[in-house]
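Reviewing the structure listed below.
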Amino acid sequence: MDYKAKEVAIVGAGLAGMTAALNLARDGKDVLVLEKYDQVGGMPQVRPAVDVTPFDVGPVGKFIGVELGAPQIVPCEHWNFYAFGQKVEMKVKEVNLHCVERGPRKSSLDSQLYELCLQAGVKFEFNKPFASQHDYSQLPPDSIIATGLYPAAALEAFNIPYQKVFGYMGRGKTDNWPRTGVWMDDYALDYAYYGSSNDVVFCLYFAREPVKDSEFERFKEVQLEGEEGMECSSWIYYEGEVPTASYHNPRLFEGNKILAGTLAGGMDPFALFGVHGSLVTGKIAAIAHDDKAAAYALFKKYTRYFKRNLFMRRMFDATPVAIRKRIMGPQLQFSQDHAQQLMPLMNNFFKALPGYQELPK
Ligand SMILES: Cc1cc2nc3c(=O)[nH]c(=O)nc-3n(C[C@H](O)[C@H](O)[C@H](O)COP(=O)(O)OP(=O)(O)OC[C@H]3O[C@@H](n4cnc5c(N)ncnc54)[C@H](O)[C@@H]3O)c2cc1C
């Protein structure tokens with residue numbers, strides 16, 4: 001591949017990569033996106049899936065130049081939060097929670113971005129995995145790297161510290177009611193959740209240490225199926241690498257390359273919501289291609305709550321489970337009773353999602 005013939009090369013046809021590609025192509029650039037799989041949408045074995053996230057749909061759409069909405073992104077109508085011995089019904093509307101379809105189906109956000117990219121003249125090359133530092137070193141300066149959560153090759157090539165995670169991912173068919181359930185307890189130490197919309201359910205159960213099969217079975221039978229009545233027809237076990245949230249994240253540049261999405265630290269370090277930040281940092285990466293100073297100023301502004309949430313995460317991790325239950329259980333009950341007053345606090349917490357509640361309306 002003669003990269004020099006292309007004005008911009010982008011690695012990763014995910015949310016951030018395609019947002020960057022679309023904006024650069026609309027700006028008249030010749031754009032090539034290189035993707036490891038043979039289609040858009042991420043890991044085929046767990047697609048279609050549903051991501052759940054607080055989401056300023058209108059402002060993000062305006063910022064990235066895409067009309068966002070149903071069926072790709074729909075308001076989440078119900079959220080049960082099981083934590084520290086409590087079951088709390090959260091106020092979903094006040095925190096702007098949305099279900100986002102991911103994968104290759106026409107109703108996914110990935111497919112919507114892909115179609116728009118094709119219309120704008122973006123070229124794609126599939127089955128192009130960047131597997132080593134050498135692969136990345138072949139790219140021209142100002143290439144955009146947006147390979148998402150798992151690939152160790154990119155994390156190593158761009159000096160991003162990473163750690164292992166372990167767990168299960170499940171998916172299946174269900175009804176059309178957009179909803180979610182989230183668990184943080186002794187049987188789901190990091191956390192577990194399911195998201196459901198567009199007839200699809202996706203469940204993730206993960207931890208930063210090897211998970212016990214017996215705990216997972218307990219979660220699946222008692223919590224997911226028992227409490228929520230949700231069933232996945234297929235499960236896969238996985239182990240992978242993810243960036244370690246650190247006070248050195250987020251970063252827009254590494255060497256002569258531009259980072260976007262998860263690699264740029266576009267994820268909230270506490271709850272790991274990544275959809276919002278990937279779209280926003282994808283657009284910022286496109287700006288960075290022509291104007292580094294302007295892009296960096298935006299990037300700093302929209303990621304300034306990252307360290308605050310990382311500090312909270314570190315405090316949370318340092319608290320033994322028994323104490324979490326004793327202190328946070330009653331607090332959650334209090335939150336349930338005073339949900340209306342507490343929602344502004346929660347929205348403030350979600351400001352670690354780049355641009356959340358800050359983009360022009
Ligand atoms: C299982 C799972 C569940 C998640 N759930 C949620 C959720 O509920 N809510 C939320 O907000 N966020 C969630 N996230 C976070 C998620 O990472 C972000 O929402 C978002 O997808 C990140 O966007 P991105 O552009 O950085 O990466 P992605 O959208 O993941 O795109 C990365 C692209 O790069 C490609 N790629 C990877 N490696 C290479 C390589 N070596 N060479 C070439 N191409 C490569 C991938 O195939 C993919 O197409 C979840 C992540 C995972 C993995």
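Going through the structure tokens in order, the chains are called A, B, and so on, while each chain numbers its residues from 1 and the ligands are numbered from 1 in the order shown.
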request  = Write as JSON, numbers by chain the residues around ligand 1, taking 6 Å as the cut-off and counting only C-alpha atoms and all ligand atoms.
outcome  = {"A": [11, 12, 13, 14, 15, 16, 17, 34, 35, 36, 37, 40, 41, 42, 51, 52, 53, 128, 129, 130, 131, 146, 147, 148, 149, 151, 261, 262, 273, 274, 275, 278]}
task = Pick out the residues sitting within 8 Å of stretch 205-209 of chain A, and hand them over as a list in words; count only C-alpha atoms, and ignore anything fewer than 4 positions along from it in its own chain.
result = Gln163, Lys164, Val165, Phe166, Gly167, Tyr168, Met169, Ala188, Leu189, Asp190, Tyr191, Ala192, Tyr193 and Phe216 of chain A
ask   = Running DSSP on the backbone, which parts of stretch 70-275 of chain A land in strand (DSSP E or B), as a PyMOL selection string?
value = chain A and resi 73-75+78-83+86-89+97-102+123-125+144-145+162-173+179-185+188-197+200-207+234-243+253-254+257-259
task = Measuring atom to atom with only C-alpha atoms, identify which of A:Pro360, A:Gly121, A:Pro330, A:Pro48 is nearest to A:Lys173.
result = A:Pro48
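Shell of A:Lys93 at 9 Å, with only C-alpha atoms counted and residues fewer than 4 places along the chain excluded, is Pro75, Cys76, Glu77, His78 and Leu97 of chain A.
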For the selection you just gave me, I'd like the residues written to a file as a short mmCIF file (atom, residue, chain, number, x, y, z; two decimals), in the first residue's frame, keeping N, CA and C atoms.
data_model
loop_
_atom_site.label_atom_id
_atom_site.label_comp_id
_atom_site.auth_asym_id
_atom_site.auth_seq_id
_atom_site.Cartn_x
_atom_site.Cartn_y
_atom_site.Cartn_z
N PRO A 75 -33.69 6.39 23.23
CA PRO A 75 -33.66 6.64 24.67
C PRO A 75 -33.89 5.33 25.43
N CYS A 76 -33.10 5.12 26.46
CA CYS A 76 -33.26 3.94 27.32
C CYS A 76 -34.44 4.20 28.27
N GLU A 77 -35.37 3.28 28.32
CA GLU A 77 -36.60 3.56 29.07
C GLU A 77 -36.59 3.01 30.49
N HIS A 78 -35.68 2.12 30.78
CA HIS A 78 -35.69 1.55 32.13
C HIS A 78 -34.29 1.10 32.53
N LEU A 97 -29.90 8.70 29.40
CA LEU A 97 -29.36 7.39 29.03
C LEU A 97 -29.93 6.91 27.70
#
Mind dumping a table of every stretch 28-116 of chain A residue within 12 Å of stretch 309-321 of chain A, with the nearest atom pair and its distance in Å to one decimal, using only C-alpha atoms, sorted by chain and rising number, as CSV?
residue,atom,partner,partner_atom,distance
A:Ala83,CA,A:Val321,CA,10.8
A:Phe84,CA,A:Val321,CA,8.2
A:Gly85,CA,A:Val321,CA,10.9
Please produce an output containing N, CA and C atoms for each residue in the selection, written as a short mmCIF file (atom, residue, chain, number, x, y, z; two decimals), in the first residue's frame.
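Once everything was written out, this is part_29.cif:
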data_model
loop_
_atom_site.label_atom_id
_atom_site.label_comp_id
_atom_site.auth_asym_id
_atom_site.auth_seq_id
_atom_site.Cartn_x
_atom_site.Cartn_y
_atom_site.Cartn_z
N ALA A 83 -26.63 -2.90 43.35
CA ALA A 83 -25.30 -2.63 43.90
C ALA A 83 -25.33 -2.68 45.42
N PHE A 84 -24.30 -3.30 45.95
CA PHE A 84 -24.08 -3.31 47.39
C PHE A 84 -25.34 -3.73 48.15
N GLY A 85 -25.95 -4.79 47.65
CA GLY A 85 -27.13 -5.34 48.34
C GLY A 85 -28.43 -4.61 48.06
#
request  = Determine, counting only C-alpha atoms, which protein, DNA and RNA residues have an atom within 7 Å of an atom of A:Gln72; residues of the same chain fewer than 4 positions away are not included. Present the result as a PyMOL selection string.
outcome  = chain A and resi 100-101+107-109
key: Exercise: A:Ile258 partners within 6 Å, only C-alpha atoms, chain neighbours under 4 positions left out, as a list in words   = Asp142, Ile144, Leu252 and Phe253 of chain A
Could those selected residues go to a file with N, CA and C atoms, as a short mmCIF file (atom, residue, chain, number, x, y, z; two decimals), in the first residue's frame?
data_model
loop_
_atom_site.label_atom_id
_atom_site.label_comp_id
_atom_site.auth_asym_id
_atom_site.auth_seq_id
_atom_site.Cartn_x
_atom_site.Cartn_y
_atom_site.Cartn_z
N ASP A 142 0.62 12.20 10.89
CA ASP A 142 -0.76 12.68 11.01
C ASP A 142 -1.82 11.65 10.63
N ILE A 144 -4.43 8.82 11.63
CA ILE A 144 -5.28 8.77 12.83
C ILE A 144 -5.43 7.33 13.27
N LEU A 252 -4.04 13.35 22.79
CA LEU A 252 -4.50 13.47 21.40
C LEU A 252 -3.39 13.09 20.41
N PHE A 253 -2.13 13.29 20.85
CA PHE A 253 -1.01 13.01 19.94
C PHE A 253 -0.04 12.03 20.58
#
message = Just want the 8 Å neighbourhood of A:Tyr302, counted on only C-alpha atoms, with same-chain residues fewer than 6 positions away dropped. Output as a PyMOL selection string.
response = chain A and resi 353-356+358
task = Could you jot down the atom CA of A:Ile287 to atom CA of A:Gly58 separation for me, Å, one decimal place?
result = 20.1 Å
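Taking only stretch 239-297 of chain A, the residues that DSSP calls helix (DSSP H, G or I) from the backbone come to A:Gly261, A:Thr262, A:Leu263, A:Ala264, A:Val275, A:His276, A:Gly277, A:Ser278, A:Leu279, A:Val280, A:Thr281, A:Gly282, A:Lys283, A:Ile284, A:Ala285, A:Ala286, A:Ile287, A:Ala288, A:His289, A:Asp290, A:Lys292, A:Ala293, A:Ala294, A:Ala295, A:Tyr296, A:Ala297.
Among the candidate residues A:Gly282, A:Leu118, A:Ala153, A:Tyr162, the one lying nearest to A:Asp135 is A:Ala153, with distances computed using only C-alpha atoms.
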task = Name all residues at most 7 Å from A:Asn80 (count only C-alpha atoms; drop same-chain ones fewer than 4 positions away) and give them as a PyMOL selection string.
result = chain A and resi 87-90+180-182
Keeping only N, CA and C atoms, write those residues as a PDB file, in the first residue's frame.
ATOM      1  N   LYS A  87     -31.354  -2.881  45.249  1.00  0.00           N
ATOM      2  CA  LYS A  87     -31.837  -2.792  43.865  1.00  0.00           C
ATOM      3  C   LYS A  87     -32.499  -1.428  43.728  1.00  0.00           C
ATOM      4  N   VAL A  88     -31.979  -0.616  42.816  1.00  0.00           N
ATOM      5  CA  VAL A  88     -32.477   0.749  42.691  1.00  0.00           C
ATOM      6  C   VAL A  88     -32.987   0.974  41.282  1.00  0.00           C
ATOM      7  N   GLU A  89     -34.177   1.548  41.175  1.00  0.00           N
ATOM      8  CA  GLU A  89     -34.682   1.887  39.849  1.00  0.00           C
ATOM      9  C   GLU A  89     -34.245   3.320  39.552  1.00  0.00           C
ATOM     10  N   MET A  90     -33.373   3.478  38.565  1.00  0.00           N
ATOM     11  CA  MET A  90     -32.801   4.799  38.304  1.00  0.00           C
ATOM     12  C   MET A  90     -33.733   5.632  37.426  1.00  0.00           C
ATOM     13  N   THR A 180     -31.894  -1.403  30.381  1.00  0.00           N
ATOM     14  CA  THR A 180     -30.589  -1.878  30.838  1.00  0.00           C
ATOM     15  C   THR A 180     -30.653  -2.335  32.291  1.00  0.00           C
ATOM     16  N   GLY A 181     -29.691  -3.143  32.683  1.00  0.00           N
ATOM     17  CA  GLY A 181     -29.483  -3.507  34.079  1.00  0.00           C
ATOM     18  C   GLY A 181     -27.986  -3.461  34.336  1.00  0.00           C
ATOM     19  N   VAL A 182     -27.598  -2.959  35.509  1.00  0.00           N
ATOM     20  CA  VAL A 182     -26.168  -2.843  35.834  1.00  0.00           C
ATOM     21  C   VAL A 182     -25.946  -3.435  37.217  1.00  0.00           C
TER      22      VAL A 182
END
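Restricting the calculation to only C-alpha atoms, the smallest distance between A:Phe158 and any of A:Asp268, A:Asp175, A:Glu254, A:Asp56 is found for A:Glu254.
The closest residue to A:Asn176, picked from A:Val33, A:His134, A:Glu239, A:Val50 and counting only C-alpha atoms, is A:Val50.
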